[in-house]
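Q: The structure is given below, and queries will be raised subsequently.
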Amino acid sequence: MIVDVHTHTPRYRTRPEVEVAGFNRPDMAPMRPGQQNPGAYTWDDYLRAMETVDKAICFNIAAPPPEDPTEPVGPVAPARELNDEAAALIRAYPDKIIGFLAVHPRDPCALAEIERATGDLGLRGIKLGPNYQNFDPLGEDAFRIYRRAAELKLPILFHQGTSPVRHADLDFAHPRHIDRVAMAFPDLKIILAHLAHPWHADCIAVIRKHPNVYADISANFYRPWQYYNGMRLATEWGVLDKLLFGSDYPVATPQETMDAIYRVNDPIAGTGLPPVPIDEFEKVINRDSLALLGLAG
Ligand SMILES: [Zn+2]
């Protein structure tokens with residue numbers, strides 16, 4: 001079974017008549033070298049891209065609540081809207097798609113929204129982006145979310161690593177902070193997105209010591225030298241078995257991400273540098289991430 005643990009919920013059932021920004025916003029540098037950031041994509045676009053996987057986890061990122069002193073940055077939107085959109089998609093494709101909820105830790109209604117999204121809406125995990133959402137991952141607001149997630153056995157996927165959004169605080173997305181989260185909540189299932197690129201080594205330092213902390217490989221392959229280095233580090237530190245398959249759709253498709261696994265050693269062709277063992281790395285594709293995250297069945 002192939003599970004894509006990192007996809008962004010399409011916000012449009014059909015193509016919008018007016019042009020929408022999507023990820024293509026003036027405050028964002030290109031996410032993928034040489035490509036414009038994706039604009040609007042529809043349910044059909046999404047489902048077509050997901051034909052190559054058996055299951056996909058979808059989510060988006062909640063904006064700060066209206067009364068919050070910080071400005072929304074990057075592709076964020078109100079939590080309720082995003083959760084309703086994810087719920088509509090999973091209701092239409094319940095055998096294929098699993099939805100994670102969006103919530104902002106400083107939202108006074110955050111805990112109530114978690115109840116609504118996991119109860120009525122059937123969402124089964126949480127997506128947080130500490131940099132995009134401008135919250136301290138070690139602050140009390142965030143810990144209140146982690147505590148509830150641990151009680152409800154909801155895995156949390158954190159955006160980790162760099163981001164092209166100018167005003168998103170990079171340090172909030174550094175994986176070293178998640179070490180303390182994992183120590184405080186040893187049973188909480190956590191995914192660090194993107195192997196926290198370009199902080200692969202720091203991400204590996206965290207996932208190797210916590211049995212319930214994983215990393216997804218999404219959004220790495222289009223920087224071939226960094227991709228090779230990250231996966232080579234993961235090999236040396238013995239954490240290839242902690243890596244989960246993810247695409248970061250719509251920035252890349254699952255098919256592209258799968259194909260790239262077999263090209264990881266291209267940058268070292270003709271050199272004496274040590275290869276990433278493809279037979280071990282390709283196990284990422286068929287890893288039963290849902291079982292690991294407690295979401296099977
Ligand atoms: Zn993403």
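Ligands are numbered from 1 in the order shown, chains are lettered A, B, ... in the order of the structure tokens, and residues start at 1 in each chain.
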If we count only C-alpha atoms and set the cut-off at 10 Å, which residues sit around Phe172 of chain A, ignoring sequence neighbours fewer than 2 positions away in its own chain? Please answer as an mmCIF file with C-alpha atoms, in the first residue's frame.
A:
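Generated file (selection20.cif):
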```
data_model
loop_
_atom_site.group_PDB
_atom_site.id
_atom_site.type_symbol
_atom_site.label_atom_id
_atom_site.label_comp_id
_atom_site.auth_asym_id
_atom_site.auth_seq_id
_atom_site.Cartn_x
_atom_site.Cartn_y
_atom_site.Cartn_z
ATOM 1 C CA GLY A 129 3.061 25.271 10.551
ATOM 2 C CA PRO A 130 4.754 27.167 13.393
ATOM 3 C CA ASN A 131 6.491 29.545 10.985
ATOM 4 C CA TYR A 132 3.481 30.241 8.744
ATOM 5 C CA GLN A 133 1.265 30.539 11.812
ATOM 6 C CA ASN A 134 3.818 32.579 13.740
ATOM 7 C CA PHE A 135 3.582 30.645 16.994
ATOM 8 C CA ASP A 136 6.281 29.454 19.347
ATOM 9 C CA PRO A 137 6.327 25.633 19.095
ATOM 10 C CA LEU A 138 7.437 25.478 22.743
ATOM 11 C CA HIS A 159 5.816 22.009 8.641
ATOM 12 C CA GLN A 160 9.552 21.992 9.299
ATOM 13 C CA GLY A 161 12.467 23.691 7.656
ATOM 14 C CA THR A 162 12.718 26.649 5.387
ATOM 15 C CA ALA A 168 7.402 33.505 8.313
ATOM 16 C CA ASP A 169 9.850 33.107 11.213
ATOM 17 C CA LEU A 170 12.302 30.364 10.239
ATOM 18 C CA HIS A 174 13.517 24.382 13.283
ATOM 19 C CA PRO A 175 13.307 20.677 14.154
ATOM 20 C CA ARG A 176 15.427 20.975 17.325
ATOM 21 C CA HIS A 177 12.362 22.418 19.103
ATOM 22 C CA ILE A 178 10.345 19.275 18.454
#
```
Q: Check the DSSP output for the backbone and give back, as a ChimeraX atom specification, the residues of segment 108-295 of chain A in helix (DSSP H, G or I).
A: /A:110-118,140-152,170-173,176-184,193-196,200-207,224-236,240-242,254-261,266-268,278-284,289-292
Q: Which residue gives the smallest distance to Pro75 of chain A among A:Ile285, A:Cys58, A:Val251, A:Met28, with only C-alpha atoms counted?
A: A:Met28
Q: Could you list the protein, DNA and RNA residues that have any atom within 7 Å of ligand 1, counting only C-alpha atoms and all ligand atoms, and write them as a PyMOL selection string?
A: chain A and resi 6-8+159+248
Q: Keeping only C-alpha atoms, write the selected residues to a file as a short mmCIF file (atom, residue, chain, number, x, y, z; two decimals), in the first residue's frame.
A:
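The resulting out.cif:
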```
data_model
loop_
_atom_site.label_atom_id
_atom_site.label_comp_id
_atom_site.auth_asym_id
_atom_site.auth_seq_id
_atom_site.Cartn_x
_atom_site.Cartn_y
_atom_site.Cartn_z
CA HIS A 6 1.67 15.14 2.78
CA THR A 7 -0.85 16.68 0.39
CA HIS A 8 -2.67 19.99 0.43
CA HIS A 159 5.82 22.01 8.64
CA ASP A 248 3.67 18.04 -0.93
#
```
Q: List every residue of segment 82-285 of chain A that DSSP, applied to the backbone of this structure, places in strand (DSSP E), and write the result as a list in words.
A: Ile97, Ile98, Gly99, Leu101, Ala102, Ile126, Lys127, Leu128, Ile156, Leu157, Phe158, Ile190, Ile191, Leu192, Val213, Tyr214, Ala215, Asp216, Leu243 and Leu244 of chain A
Q: Fewer than 5 positions away in the same chain doesn't count, so skip those; otherwise give me all residues within 9 Å of Ser218 of chain A, counting only C-alpha atoms, as number ranges by chain.
A: A: 5-6, 193-195, 244-249, 252, 254, 257
Q: Pick out the residues sitting within 7 Å of Ser289 of chain A, and hand them over as an mmCIF file with N, CA and C atoms, in the first residue's frame; count only C-alpha atoms, and ignore anything fewer than 2 positions along from it in its own chain.
A:
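Everything below was put into result_8.cif:
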```cif
data_model
loop_
_atom_site.group_PDB
_atom_site.id
_atom_site.type_symbol
_atom_site.label_atom_id
_atom_site.label_comp_id
_atom_site.auth_asym_id
_atom_site.auth_seq_id
_atom_site.Cartn_x
_atom_site.Cartn_y
_atom_site.Cartn_z
ATOM 1 N N VAL A 3 1.069 5.221 0.684
ATOM 2 C CA VAL A 3 0.382 6.306 1.396
ATOM 3 C C VAL A 3 1.151 7.601 1.173
ATOM 4 N N LEU A 244 8.811 8.667 5.858
ATOM 5 C CA LEU A 244 7.491 8.373 5.285
ATOM 6 C C LEU A 244 7.382 9.023 3.910
ATOM 7 N N ARG A 287 5.846 1.918 2.669
ATOM 8 C CA ARG A 287 5.752 1.887 4.135
ATOM 9 C C ARG A 287 4.297 2.095 4.558
ATOM 10 N N ALA A 291 -0.532 2.673 9.637
ATOM 11 C CA ALA A 291 -0.354 1.822 10.825
ATOM 12 C C ALA A 291 0.604 2.491 11.808
ATOM 13 N N LEU A 292 1.698 3.019 11.292
ATOM 14 C CA LEU A 292 2.686 3.677 12.175
ATOM 15 C C LEU A 292 2.070 4.856 12.920
ATOM 16 N N LEU A 293 1.145 5.543 12.271
ATOM 17 C CA LEU A 293 0.530 6.736 12.876
ATOM 18 C C LEU A 293 -0.713 6.416 13.686
#
```
Q: Using only C-alpha atoms, pick whichever of A:Met231, A:Leu240, A:Val213, A:Ala49 has the shortest atom-to-atom distance to Asp187 of chain A.
A: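 Selected residue with least distance to Asp187 of chain A: A:Val213.
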Q: Pick from A:Gly125, A:Arg32, A:Phe281, A:Val73: nearest to Arg166 of chain A, with only C-alpha atoms counted?
A: A:Val73
Q: To one decimal place in Å, what is the distance between atom CA of Pro224 of chain A and atom CA of Asp171 of chain A?
A: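 If I compute the distance from atom CA of Pro224 of chain A to atom CA of Asp171 of chain A, I get 24.4 Å.
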Q: List every residue of segment 116-216 of chain A that has an atom at most 10 Å from any atom of segment 96-104 of chain A, and for each one report the closest atom pair and its distance in Å to one decimal, counting only C-alpha atoms, with rows sorted by chain and then by increasing residue number, as CSV.
A:
```
residue,atom,partner,partner_atom,distance
A:Arg116,CA,A:Leu101,CA,9.8
A:Ala117,CA,A:Leu101,CA,6.4
A:Thr118,CA,A:Leu101,CA,7.8
A:Leu121,CA,A:Gly99,CA,9.2
A:Gly122,CA,A:Gly99,CA,7.7
A:Leu123,CA,A:Gly99,CA,4.9
A:Arg124,CA,A:Phe100,CA,5.4
A:Gly125,CA,A:Phe100,CA,4.3
A:Ile126,CA,A:Leu101,CA,4.8
A:Lys127,CA,A:Ala102,CA,5.6
A:Leu128,CA,A:Ala102,CA,6.9
A:Gly129,CA,A:His104,CA,9.1
A:Pro130,CA,A:His104,CA,9.2
A:Gln133,CA,A:His104,CA,7.0
A:Asn134,CA,A:His104,CA,9.4
A:Phe135,CA,A:His104,CA,8.5
A:Asp141,CA,A:His104,CA,9.0
A:Ala142,CA,A:His104,CA,8.6
A:Ile145,CA,A:Val103,CA,8.7
A:Leu154,CA,A:Phe100,CA,8.8
A:Pro155,CA,A:Phe100,CA,8.6
A:Ile156,CA,A:Phe100,CA,8.4
A:Leu157,CA,A:Phe100,CA,8.6
```
Q: Can you list, as a PyMOL selection string, every protein, DNA or RNA residue that comes within 8 Å of Glu282 of chain A when you count only C-alpha atoms, leaving out same-chain residues fewer than 3 positions away?
A: chain A and resi 261-262+278-279+285-286
Q: Take the residues just selected and output them with all heavy atoms as a PDB file, in the first residue's frame.
A:
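The file below, selection-v9.pdb, is the result:
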```pdb
ATOM      1  N   ILE A 261      13.177   8.786  -6.335  1.00  0.00           N
ATOM      2  CA  ILE A 261      13.891   7.919  -5.389  1.00  0.00           C
ATOM      3  C   ILE A 261      15.005   7.150  -6.114  1.00  0.00           C
ATOM      4  O   ILE A 261      16.101   6.975  -5.602  1.00  0.00           O
ATOM      5  CB  ILE A 261      12.882   6.979  -4.681  1.00  0.00           C
ATOM      6  CG1 ILE A 261      12.118   7.801  -3.635  1.00  0.00           C
ATOM      7  CG2 ILE A 261      13.561   5.741  -4.089  1.00  0.00           C
ATOM      8  CD1 ILE A 261      11.023   7.054  -2.893  1.00  0.00           C
ATOM      9  N   TYR A 262      14.707   6.743  -7.355  1.00  0.00           N
ATOM     10  CA  TYR A 262      15.686   5.942  -8.114  1.00  0.00           C
ATOM     11  C   TYR A 262      16.795   6.804  -8.725  1.00  0.00           C
ATOM     12  O   TYR A 262      17.739   6.268  -9.287  1.00  0.00           O
ATOM     13  CB  TYR A 262      14.946   5.115  -9.178  1.00  0.00           C
ATOM     14  CG  TYR A 262      13.953   4.193  -8.506  1.00  0.00           C
ATOM     15  CD1 TYR A 262      12.617   4.585  -8.340  1.00  0.00           C
ATOM     16  CD2 TYR A 262      14.370   2.989  -7.962  1.00  0.00           C
ATOM     17  CE1 TYR A 262      11.713   3.773  -7.671  1.00  0.00           C
ATOM     18  CE2 TYR A 262      13.469   2.168  -7.292  1.00  0.00           C
ATOM     19  CZ  TYR A 262      12.148   2.560  -7.152  1.00  0.00           C
ATOM     20  OH  TYR A 262      11.270   1.767  -6.473  1.00  0.00           O
ATOM     21  N   ILE A 278      19.550   1.985  -2.591  1.00  0.00           N
ATOM     22  CA  ILE A 278      18.221   2.150  -3.200  1.00  0.00           C
ATOM     23  C   ILE A 278      17.225   1.125  -2.666  1.00  0.00           C
ATOM     24  O   ILE A 278      16.060   1.437  -2.407  1.00  0.00           O
ATOM     25  CB  ILE A 278      18.313   2.051  -4.745  1.00  0.00           C
ATOM     26  CG1 ILE A 278      19.136   3.216  -5.297  1.00  0.00           C
ATOM     27  CG2 ILE A 278      16.928   2.045  -5.387  1.00  0.00           C
ATOM     28  CD1 ILE A 278      18.510   4.581  -5.169  1.00  0.00           C
ATOM     29  N   ASP A 279      17.688  -0.123  -2.466  1.00  0.00           N
ATOM     30  CA  ASP A 279      16.748  -1.154  -2.002  1.00  0.00           C
ATOM     31  C   ASP A 279      16.194  -0.825  -0.610  1.00  0.00           C
ATOM     32  O   ASP A 279      15.060  -1.171  -0.294  1.00  0.00           O
ATOM     33  CB  ASP A 279      17.402  -2.542  -2.037  1.00  0.00           C
ATOM     34  CG  ASP A 279      18.731  -2.579  -1.300  1.00  0.00           C
ATOM     35  OD1 ASP A 279      19.374  -1.517  -1.175  1.00  0.00           O
ATOM     36  OD2 ASP A 279      19.133  -3.654  -0.831  1.00  0.00           O
ATOM     37  N   ILE A 285       8.462   3.932  -0.113  1.00  0.00           N
ATOM     38  CA  ILE A 285       7.268   4.024  -0.960  1.00  0.00           C
ATOM     39  C   ILE A 285       6.124   3.170  -0.405  1.00  0.00           C
ATOM     40  O   ILE A 285       4.985   3.614  -0.347  1.00  0.00           O
ATOM     41  CB  ILE A 285       7.584   3.581  -2.417  1.00  0.00           C
ATOM     42  CG1 ILE A 285       8.628   4.511  -3.044  1.00  0.00           C
ATOM     43  CG2 ILE A 285       6.316   3.564  -3.264  1.00  0.00           C
ATOM     44  CD1 ILE A 285       9.121   4.042  -4.417  1.00  0.00           C
ATOM     45  N   ASN A 286       6.437   1.973   0.022  1.00  0.00           N
ATOM     46  CA  ASN A 286       5.391   1.043   0.461  1.00  0.00           C
ATOM     47  C   ASN A 286       5.233   0.974   1.977  1.00  0.00           C
ATOM     48  O   ASN A 286       4.573   0.067   2.488  1.00  0.00           O
ATOM     49  CB  ASN A 286       5.660  -0.351  -0.095  1.00  0.00           C
ATOM     50  CG  ASN A 286       5.413  -0.396  -1.590  1.00  0.00           C
ATOM     51  OD1 ASN A 286       4.298  -0.175  -2.051  1.00  0.00           O
ATOM     52  ND2 ASN A 286       6.466  -0.615  -2.360  1.00  0.00           N
TER      53      ASN A 286
END
```
